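What follows is a single structure, written as structure tokens, with notes after it.
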Amino acid sequence: MKTRSSSSTKTSKKKKLTFDGTFSLGQVAHRAIQKHFKKSTKYQEGVLADQDPEYLHQMRVGMRRLRTAIDVFAPAIDLPVAAQRSRITKIAKRLGQVRDLDVLQLWFQHFLAITSVDEAESKQIQWVLARLSKRRQKKFAQLPKLFKSKEYRQFVATYDQWLKTPQFQAVATMPALDAVPDLLLPLLSQLFLHPGWLVATETLEGRLYPVMGISMEALDVVFATEGPALHDLRKQMKRVRYQTEFFIPFFGKPYQTQTQGFRALQELLGLFQDEAVLSEFLAGELGPAWTEQLPSLASLLQEERFRNWKKWQSVQRKYLDPKFRRTLSRRVMSPSLELNLA
């Protein structure tokens, strides 16, 4: 199930931030916040035109990255109330309510395009799509109101003003190269100690390993009981990915490759979450016995989850290895003066 792919892409290529070894933490913070604030707001017209769901997706991602930027640089920046994290979260939530429905619609359409189902199952899915469309229209109608609201306009104006005359805390004067390890090490510690890594594990000779050979039926039980831990690990991995990506210019190729690994793992865990959201939605629309009404779809979901679980276990085993964890920690402790400039 690939609900995480977008439709068409009409956005510009990503521009890398460039730094040099003399930059202060405040200067790096300003550039990062400026970049993601612009991305958070530049797709507004495309969102309202509602011709391509990619605009909404990109605006939501921009809001998330802006929120991450102010989390990363919180020790260095001083933001007004209208620009703080809670305001961004409210806006991102409203965008997310529509985007989540877009993802469901795209998935059902994709399923019908690649799978042969009988007439009864096809009619059920068409009915579900009609319900989705109505729900999406209702949620989308709130977006023009959001963009016209005093709260949103104040949010935009506050960031415009802050970027012109930024306010910083004392540590903003520190050289960025000196501060980067202290920003990243606590983040990795939180990741390594997350209970999601312990899902379906066993202890052998004093070390934790994934339990191998789990059947499809047993995997259903694992997700029923421990699925929330994996979902929370996905959110933590997303934070790690976004925050480490801010500092790619300060490190060499191995670090950049690792950030790509974080992204791949986040997306893999996201597939489990997509399946859970889809199942929950269908249970709400068709009842808990929806699998009997849509047997082809239920079988596909189960098979894909089983395949993805095997991929997850190989990554899980790596992250449970203390040598791998120490290697990652050492990597973020050594930013380079020979910066990887764009």
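Labels used: A, B, ... for chains in the order of the structure tokens, numbers from 1 for residues in each chain, and numbers from 1 for ligands as shown.
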Can you tell me, as a PDB file with C-alpha atoms, in the first residue's frame, what residues are no more than 9 Å from Ala83 in chain A when counting only C-alpha atoms, ignoring any on the same chain fewer than 4 positions away?
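What landed in around-v7.pdb:
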ATOM      1  CA  LEU A  79       9.780  34.158  19.162  1.00  0.00           C
ATOM      2  CA  ARG A  87       0.168  28.266  16.502  1.00  0.00           C
ATOM      3  CA  ILE A  88       1.924  26.195  13.842  1.00  0.00           C
ATOM      4  CA  GLN A 154      -1.199  37.429  12.452  1.00  0.00           C
ATOM      5  CA  PHE A 155       0.952  34.311  12.181  1.00  0.00           C
ATOM      6  CA  VAL A 156       2.232  35.337   8.732  1.00  0.00           C
ATOM      7  CA  THR A 158       4.653  37.992  12.866  1.00  0.00           C
ATOM      8  CA  TYR A 159       7.088  35.756  11.002  1.00  0.00           C
ATOM      9  CA  TRP A 162      10.705  38.446  12.990  1.00  0.00           C
TER      10      TRP A 162
END
Leaving out range 98-100 of chain A and any residue of its chain fewer than 3 positions from it, which residues lie within 8 Å of it when counting only C-alpha atoms, given as an mmCIF file with C-alpha atoms, in the first residue's frame?
data_model
loop_
_atom_site.group_PDB
_atom_site.id
_atom_site.type_symbol
_atom_site.label_atom_id
_atom_site.label_comp_id
_atom_site.auth_asym_id
_atom_site.auth_seq_id
_atom_site.Cartn_x
_atom_site.Cartn_y
_atom_site.Cartn_z
ATOM 1 C CA PRO A 53 -3.302 17.645 -3.877
ATOM 2 C CA LEU A 56 -1.651 20.872 0.182
ATOM 3 C CA HIS A 57 0.880 18.149 0.891
ATOM 4 C CA ARG A 94 -6.324 21.820 9.825
ATOM 5 C CA LEU A 95 -4.268 21.106 6.717
ATOM 6 C CA VAL A 103 -4.360 10.059 0.964
ATOM 7 C CA LEU A 104 -7.289 7.707 1.568
ATOM 8 C CA ARG A 136 -13.323 15.967 2.221
ATOM 9 C CA LYS A 139 -13.127 19.738 5.680
ATOM 10 C CA PHE A 140 -11.750 21.611 2.659
#
Point out the residue among A:Lys123, A:Arg241, A:Lys145, A:Arg326 with the least atom-to-atom distance to Gln293 in chain A, counting only C-alpha atoms.
->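 Distance minimum relative to Gln293 in chain A lands on A:Lys123.
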Can you list, as a PyMOL selection string, every protein, DNA or RNA residue that comes within 10 Å of Ser329 in chain A when you count only C-alpha atoms, leaving out same-chain residues fewer than 2 positions away?
-> chain A and resi 181+184-186+188-189+323-327+331-334
Using C-alpha atoms, can you export the residues from the last selection as a compact mmCIF listing (two decimals), in the first residue's frame?
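Resulting contents of selection-v5.txt:
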# COMPACT_ATOMS: atom_id res chain seq x y z
CA PRO A 181 26.66 18.01 18.62
CA LEU A 184 21.81 16.30 18.08
CA LEU A 185 23.04 13.96 20.81
CA PRO A 186 19.93 14.28 23.04
CA LEU A 188 19.61 10.37 19.25
CA SER A 189 19.37 9.33 22.90
CA LYS A 323 27.88 -0.88 17.92
CA PHE A 324 25.60 0.74 15.35
CA ARG A 325 24.22 3.14 17.96
CA ARG A 326 27.68 4.17 19.10
CA THR A 327 28.71 4.77 15.50
CA ARG A 331 29.17 10.66 13.79
CA VAL A 332 27.15 13.61 15.10
CA MET A 333 29.97 14.58 17.49
CA SER A 334 32.28 15.45 14.61
Can you check which residues of range 8-247 of chain A DSSP gives as helix (DSSP H, G or I) on the backbone and send them as a PyMOL selection string?
-> chain A and resi 25-41+44-49+53-72+81-83+85-114+119-140+142-148+150-164+170-173+176-192+195-198+216-246
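For range 66-239 of chain A, backbone-based DSSP labels the following residues as strand (DSSP E or B): Ile77, Phe168, Pro175, Thr201, Glu202, Thr203, Leu204, Arg207, Leu208, Tyr209 and Pro210 of chain A.
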Would you put the residues from that selection into a file with N, CA and C atoms, as a short mmCIF file (atom, residue, chain, number, x, y, z; two decimals), in the first residue's frame?
data_model
loop_
_atom_site.label_atom_id
_atom_site.label_comp_id
_atom_site.auth_asym_id
_atom_site.auth_seq_id
_atom_site.Cartn_x
_atom_site.Cartn_y
_atom_site.Cartn_z
N ILE A 77 16.61 31.07 19.90
CA ILE A 77 15.70 32.07 19.33
C ILE A 77 14.68 32.55 20.37
N PHE A 168 17.06 37.00 19.44
CA PHE A 168 17.77 35.79 19.83
C PHE A 168 18.01 35.74 21.33
N PRO A 175 29.40 29.63 18.07
CA PRO A 175 29.67 29.08 16.73
C PRO A 175 28.79 27.85 16.50
N THR A 201 10.44 -8.59 20.50
CA THR A 201 11.84 -8.94 20.65
C THR A 201 12.01 -10.01 21.73
N GLU A 202 13.18 -10.60 21.75
CA GLU A 202 13.53 -11.58 22.78
C GLU A 202 14.99 -11.38 23.17
N THR A 203 15.34 -11.83 24.38
CA THR A 203 16.71 -11.70 24.87
C THR A 203 17.46 -13.00 24.66
N LEU A 204 18.58 -12.93 23.96
CA LEU A 204 19.44 -14.09 23.72
C LEU A 204 20.87 -13.71 24.10
N ARG A 207 21.48 -10.07 24.87
CA ARG A 207 21.22 -9.07 23.84
C ARG A 207 19.80 -9.21 23.32
N LEU A 208 19.22 -8.09 22.90
CA LEU A 208 17.87 -8.09 22.33
C LEU A 208 17.93 -8.34 20.83
N TYR A 209 17.02 -9.22 20.37
CA TYR A 209 16.91 -9.53 18.95
C TYR A 209 15.43 -9.59 18.57
N PRO A 210 15.10 -9.29 17.31
CA PRO A 210 13.71 -9.47 16.85
C PRO A 210 13.32 -10.94 16.89
#
Range 61-76 of chain A environment, 8 Å, only C-alpha atoms, sequence neighbours closer than 2 positions dropped, as a PDB file with N, CA and C atoms, in the first residue's frame:
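And here's selection-v5.pdb as it stands now:
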ATOM      1  N   LEU A  25      25.161  30.079  15.716  1.00  0.00           N
ATOM      2  CA  LEU A  25      23.937  29.290  15.816  1.00  0.00           C
ATOM      3  C   LEU A  25      22.728  30.135  15.440  1.00  0.00           C
ATOM      4  N   GLY A  26      22.739  31.398  15.787  1.00  0.00           N
ATOM      5  CA  GLY A  26      21.638  32.282  15.438  1.00  0.00           C
ATOM      6  C   GLY A  26      21.490  32.474  13.946  1.00  0.00           C
ATOM      7  N   ALA A  29      19.978  29.335  12.522  1.00  0.00           N
ATOM      8  CA  ALA A  29      18.564  29.283  12.890  1.00  0.00           C
ATOM      9  C   ALA A  29      17.741  30.203  11.995  1.00  0.00           C
ATOM     10  N   ALA A  32      17.330  28.706   8.463  1.00  0.00           N
ATOM     11  CA  ALA A  32      16.433  27.547   8.440  1.00  0.00           C
ATOM     12  C   ALA A  32      14.979  27.976   8.606  1.00  0.00           C
ATOM     13  N   ILE A  33      14.722  28.857   9.541  1.00  0.00           N
ATOM     14  CA  ILE A  33      13.347  29.311   9.776  1.00  0.00           C
ATOM     15  C   ILE A  33      12.824  30.079   8.569  1.00  0.00           C
ATOM     16  N   HIS A  36      11.823  27.536   5.722  1.00  0.00           N
ATOM     17  CA  HIS A  36      10.629  26.725   5.924  1.00  0.00           C
ATOM     18  C   HIS A  36       9.378  27.568   6.153  1.00  0.00           C
ATOM     19  N   PHE A  37       9.537  28.797   6.606  1.00  0.00           N
ATOM     20  CA  PHE A  37       8.378  29.690   6.650  1.00  0.00           C
ATOM     21  C   PHE A  37       7.900  29.998   5.237  1.00  0.00           C
ATOM     22  N   LYS A  39       8.274  28.151   2.612  1.00  0.00           N
ATOM     23  CA  LYS A  39       7.629  26.957   2.063  1.00  0.00           C
ATOM     24  C   LYS A  39       6.251  26.751   2.682  1.00  0.00           C
ATOM     25  N   SER A  40       6.105  27.142   3.942  1.00  0.00           N
ATOM     26  CA  SER A  40       4.836  26.949   4.631  1.00  0.00           C
ATOM     27  C   SER A  40       3.719  27.802   4.059  1.00  0.00           C
ATOM     28  N   THR A  41       4.071  28.907   3.425  1.00  0.00           N
ATOM     29  CA  THR A  41       3.044  29.853   2.990  1.00  0.00           C
ATOM     30  C   THR A  41       2.944  30.032   1.479  1.00  0.00           C
ATOM     31  N   HIS A  57      -0.132  18.994   0.277  1.00  0.00           N
ATOM     32  CA  HIS A  57       0.880  18.149   0.891  1.00  0.00           C
ATOM     33  C   HIS A  57       2.145  18.948   1.198  1.00  0.00           C
ATOM     34  N   GLN A  58       2.599  19.750   0.231  1.00  0.00           N
ATOM     35  CA  GLN A  58       3.818  20.523   0.430  1.00  0.00           C
ATOM     36  C   GLN A  58       3.641  21.597   1.503  1.00  0.00           C
ATOM     37  N   MET A  59       2.477  22.200   1.571  1.00  0.00           N
ATOM     38  CA  MET A  59       2.247  23.213   2.598  1.00  0.00           C
ATOM     39  C   MET A  59       2.242  22.578   3.985  1.00  0.00           C
ATOM     40  N   ASP A  78      14.158  33.731  20.117  1.00  0.00           N
ATOM     41  CA  ASP A  78      13.127  34.324  20.973  1.00  0.00           C
ATOM     42  C   ASP A  78      11.967  34.731  20.066  1.00  0.00           C
ATOM     43  N   GLN A  84       4.862  30.975  17.788  1.00  0.00           N
ATOM     44  CA  GLN A  84       5.357  29.821  18.524  1.00  0.00           C
ATOM     45  C   GLN A  84       4.714  28.514  18.055  1.00  0.00           C
ATOM     46  N   ARG A  85       5.205  27.432  18.638  1.00  0.00           N
ATOM     47  CA  ARG A  85       4.894  26.089  18.180  1.00  0.00           C
ATOM     48  C   ARG A  85       3.388  25.791  18.156  1.00  0.00           C
ATOM     49  N   ILE A  88       1.620  27.004  15.015  1.00  0.00           N
ATOM     50  CA  ILE A  88       1.924  26.195  13.842  1.00  0.00           C
ATOM     51  C   ILE A  88       1.165  24.871  13.894  1.00  0.00           C
ATOM     52  N   THR A  89       1.103  24.272  15.079  1.00  0.00           N
ATOM     53  CA  THR A  89       0.410  22.994  15.244  1.00  0.00           C
ATOM     54  C   THR A  89      -1.063  23.109  14.869  1.00  0.00           C
ATOM     55  N   ILE A  91      -2.464  25.197  12.738  1.00  0.00           N
ATOM     56  CA  ILE A  91      -2.583  25.337  11.282  1.00  0.00           C
ATOM     57  C   ILE A  91      -2.307  24.004  10.597  1.00  0.00           C
ATOM     58  N   ALA A  92      -1.240  23.328  11.021  1.00  0.00           N
ATOM     59  CA  ALA A  92      -0.883  22.048  10.417  1.00  0.00           C
ATOM     60  C   ALA A  92      -1.982  21.010  10.618  1.00  0.00           C
ATOM     61  N   PHE A 168      17.064  37.004  19.445  1.00  0.00           N
ATOM     62  CA  PHE A 168      17.765  35.789  19.831  1.00  0.00           C
ATOM     63  C   PHE A 168      18.014  35.740  21.331  1.00  0.00           C
ATOM     64  N   GLN A 169      18.312  34.518  21.796  1.00  0.00           N
ATOM     65  CA  GLN A 169      18.783  34.342  23.155  1.00  0.00           C
ATOM     66  C   GLN A 169      20.310  34.321  23.153  1.00  0.00           C
ATOM     67  N   ALA A 170      20.898  34.298  24.346  1.00  0.00           N
ATOM     68  CA  ALA A 170      22.342  34.481  24.467  1.00  0.00           C
ATOM     69  C   ALA A 170      23.151  33.439  23.696  1.00  0.00           C
ATOM     70  N   VAL A 171      22.724  32.182  23.712  1.00  0.00           N
ATOM     71  CA  VAL A 171      23.528  31.124  23.082  1.00  0.00           C
ATOM     72  C   VAL A 171      23.551  31.246  21.563  1.00  0.00           C
ATOM     73  N   ALA A 172      22.751  32.127  20.997  1.00  0.00           N
ATOM     74  CA  ALA A 172      22.743  32.303  19.543  1.00  0.00           C
ATOM     75  C   ALA A 172      24.086  32.767  19.020  1.00  0.00           C
ATOM     76  N   LEU A 183      23.054  19.746  20.169  1.00  0.00           N
ATOM     77  CA  LEU A 183      21.671  19.739  19.717  1.00  0.00           C
ATOM     78  C   LEU A 183      21.237  18.348  19.267  1.00  0.00           C
ATOM     79  N   ARG A 239      10.860  13.272  13.647  1.00  0.00           N
ATOM     80  CA  ARG A 239      11.565  14.389  14.277  1.00  0.00           C
ATOM     81  C   ARG A 239      13.072  14.271  14.072  1.00  0.00           C
ATOM     82  N   TYR A 242      13.908  15.128  10.327  1.00  0.00           N
ATOM     83  CA  TYR A 242      13.840  16.546  10.022  1.00  0.00           C
ATOM     84  C   TYR A 242      14.979  17.315  10.697  1.00  0.00           C
ATOM     85  N   GLN A 243      15.239  16.999  11.954  1.00  0.00           N
ATOM     86  CA  GLN A 243      16.245  17.765  12.688  1.00  0.00           C
ATOM     87  C   GLN A 243      17.649  17.476  12.183  1.00  0.00           C
ATOM     88  N   PHE A 246      18.580  19.333   8.932  1.00  0.00           N
ATOM     89  CA  PHE A 246      18.979  20.729   9.031  1.00  0.00           C
ATOM     90  C   PHE A 246      20.495  20.892   8.991  1.00  0.00           C
TER      91      PHE A 246
END
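Straight-line separation from CA of Trp197 in chain A to CA of Gln316 in chain A: 6.4 Å.
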Separation of CA of Ser296 in chain A from CA of Asp220 in chain A, in Å and rounded to one decimal |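 Computed distance, CA of Ser296 in chain A to CA of Asp220 in chain A, equals 17.1 Å.
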Can you work out which one of A:Leu143, A:Pro322, A:Phe281, A:Phe23 has the shortest atom-to-atom distance to Ala49 in chain A, counting only C-alpha atoms?
-> A:Leu143
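With only C-alpha atoms as the atoms that count, the minimum distance from Arg131 in chain A to the choices A:Trp309, A:Leu112, A:Glu285, A:Leu163 is reached by A:Glu285.
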Minimum-distance residue to Leu320 in chain A, chosen among A:Met237, A:Leu198, A:Ala141, A:Gly213 (using only C-alpha atoms) = A:Leu198
Looking at A:Lys148, A:Arg135, A:Ala224, A:Ser86, which one is nearest to Glu280 in chain A, with distances taken over only C-alpha atoms?
-> A:Ala224
Kindly give the distance, in Å, that separates CA of Val47 in chain A and CA of Ala82 in chain A, rounded to a single decimal.
->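 A separation of 22.6 Å between them.
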Residue contacts of Gly261 in chain A (12 Å, only C-alpha atoms) excluding same-chain residues fewer than 5 positions away, as number ranges by chain = A: 237-238, 240-241, 244-245, 254-256, 266-268, 315, 318-319, 328
Name all residues at most 12 Å from Arg307 in chain A (count only C-alpha atoms; drop same-chain ones fewer than 3 positions away) and give them as a PDB file with N, CA and C atoms, in the first residue's frame.
ATOM      1  N   MET A   1       0.848  -1.192   0.000  1.00  0.00           N
ATOM      2  CA  MET A   1       0.000   0.000   0.000  1.00  0.00           C
ATOM      3  C   MET A   1       0.880   1.237   0.000  1.00  0.00           C
ATOM      4  N   ILE A 214       7.452 -14.957  12.781  1.00  0.00           N
ATOM      5  CA  ILE A 214       6.088 -14.638  13.218  1.00  0.00           C
ATOM      6  C   ILE A 214       5.117 -14.857  12.059  1.00  0.00           C
ATOM      7  N   SER A 215       4.009 -15.522  12.324  1.00  0.00           N
ATOM      8  CA  SER A 215       3.004 -15.780  11.297  1.00  0.00           C
ATOM      9  C   SER A 215       2.136 -14.549  11.082  1.00  0.00           C
ATOM     10  N   MET A 216       1.358 -14.556   9.984  1.00  0.00           N
ATOM     11  CA  MET A 216       0.441 -13.447   9.720  1.00  0.00           C
ATOM     12  C   MET A 216      -0.547 -13.271  10.864  1.00  0.00           C
ATOM     13  N   LEU A 219       1.118 -11.807  13.819  1.00  0.00           N
ATOM     14  CA  LEU A 219       1.433 -10.408  13.562  1.00  0.00           C
ATOM     15  C   LEU A 219       0.212  -9.520  13.813  1.00  0.00           C
ATOM     16  N   LEU A 268       8.802   3.513   6.084  1.00  0.00           N
ATOM     17  CA  LEU A 268       8.414   2.127   6.329  1.00  0.00           C
ATOM     18  C   LEU A 268       7.440   2.035   7.497  1.00  0.00           C
ATOM     19  N   LEU A 271       3.978   3.169   6.580  1.00  0.00           N
ATOM     20  CA  LEU A 271       3.109   2.219   5.891  1.00  0.00           C
ATOM     21  C   LEU A 271       2.262   1.430   6.888  1.00  0.00           C
ATOM     22  N   PHE A 272       2.845   1.091   8.026  1.00  0.00           N
ATOM     23  CA  PHE A 272       2.070   0.425   9.072  1.00  0.00           C
ATOM     24  C   PHE A 272       0.960   1.348   9.584  1.00  0.00           C
ATOM     25  N   LEU A 300      -5.020  -8.066   0.771  1.00  0.00           N
ATOM     26  CA  LEU A 300      -3.898  -7.268   0.285  1.00  0.00           C
ATOM     27  C   LEU A 300      -3.204  -6.552   1.445  1.00  0.00           C
ATOM     28  N   LEU A 301      -3.983  -5.955   2.310  1.00  0.00           N
ATOM     29  CA  LEU A 301      -3.408  -5.244   3.448  1.00  0.00           C
ATOM     30  C   LEU A 301      -2.596  -6.176   4.336  1.00  0.00           C
ATOM     31  N   GLN A 302      -3.138  -7.343   4.603  1.00  0.00           N
ATOM     32  CA  GLN A 302      -2.444  -8.293   5.462  1.00  0.00           C
ATOM     33  C   GLN A 302      -1.129  -8.755   4.839  1.00  0.00           C
ATOM     34  N   GLU A 303      -1.157  -9.037   3.536  1.00  0.00           N
ATOM     35  CA  GLU A 303       0.045  -9.504   2.847  1.00  0.00           C
ATOM     36  C   GLU A 303       1.123  -8.409   2.796  1.00  0.00           C
ATOM     37  N   GLU A 304       0.701  -7.176   2.524  1.00  0.00           N
ATOM     38  CA  GLU A 304       1.675  -6.093   2.452  1.00  0.00           C
ATOM     39  C   GLU A 304       2.271  -5.806   3.826  1.00  0.00           C
ATOM     40  N   LYS A 310       8.882  -7.858   7.576  1.00  0.00           N
ATOM     41  CA  LYS A 310      10.189  -8.483   7.381  1.00  0.00           C
ATOM     42  C   LYS A 310      11.258  -7.416   7.123  1.00  0.00           C
ATOM     43  N   LYS A 311      10.905  -6.386   6.355  1.00  0.00           N
ATOM     44  CA  LYS A 311      11.841  -5.293   6.130  1.00  0.00           C
ATOM     45  C   LYS A 311      12.141  -4.567   7.443  1.00  0.00           C
ATOM     46  N   TRP A 312      11.080  -4.338   8.229  1.00  0.00           N
ATOM     47  CA  TRP A 312      11.233  -3.652   9.511  1.00  0.00           C
ATOM     48  C   TRP A 312      12.172  -4.417  10.435  1.00  0.00           C
ATOM     49  N   GLN A 313      12.042  -5.739  10.461  1.00  0.00           N
ATOM     50  CA  GLN A 313      12.857  -6.510  11.386  1.00  0.00           C
ATOM     51  C   GLN A 313      14.350  -6.412  11.074  1.00  0.00           C
ATOM     52  N   SER A 314      14.699  -6.303   9.808  1.00  0.00           N
ATOM     53  CA  SER A 314      16.119  -6.157   9.474  1.00  0.00           C
ATOM     54  C   SER A 314      16.659  -4.823   9.980  1.00  0.00           C
TER      55      SER A 314
END
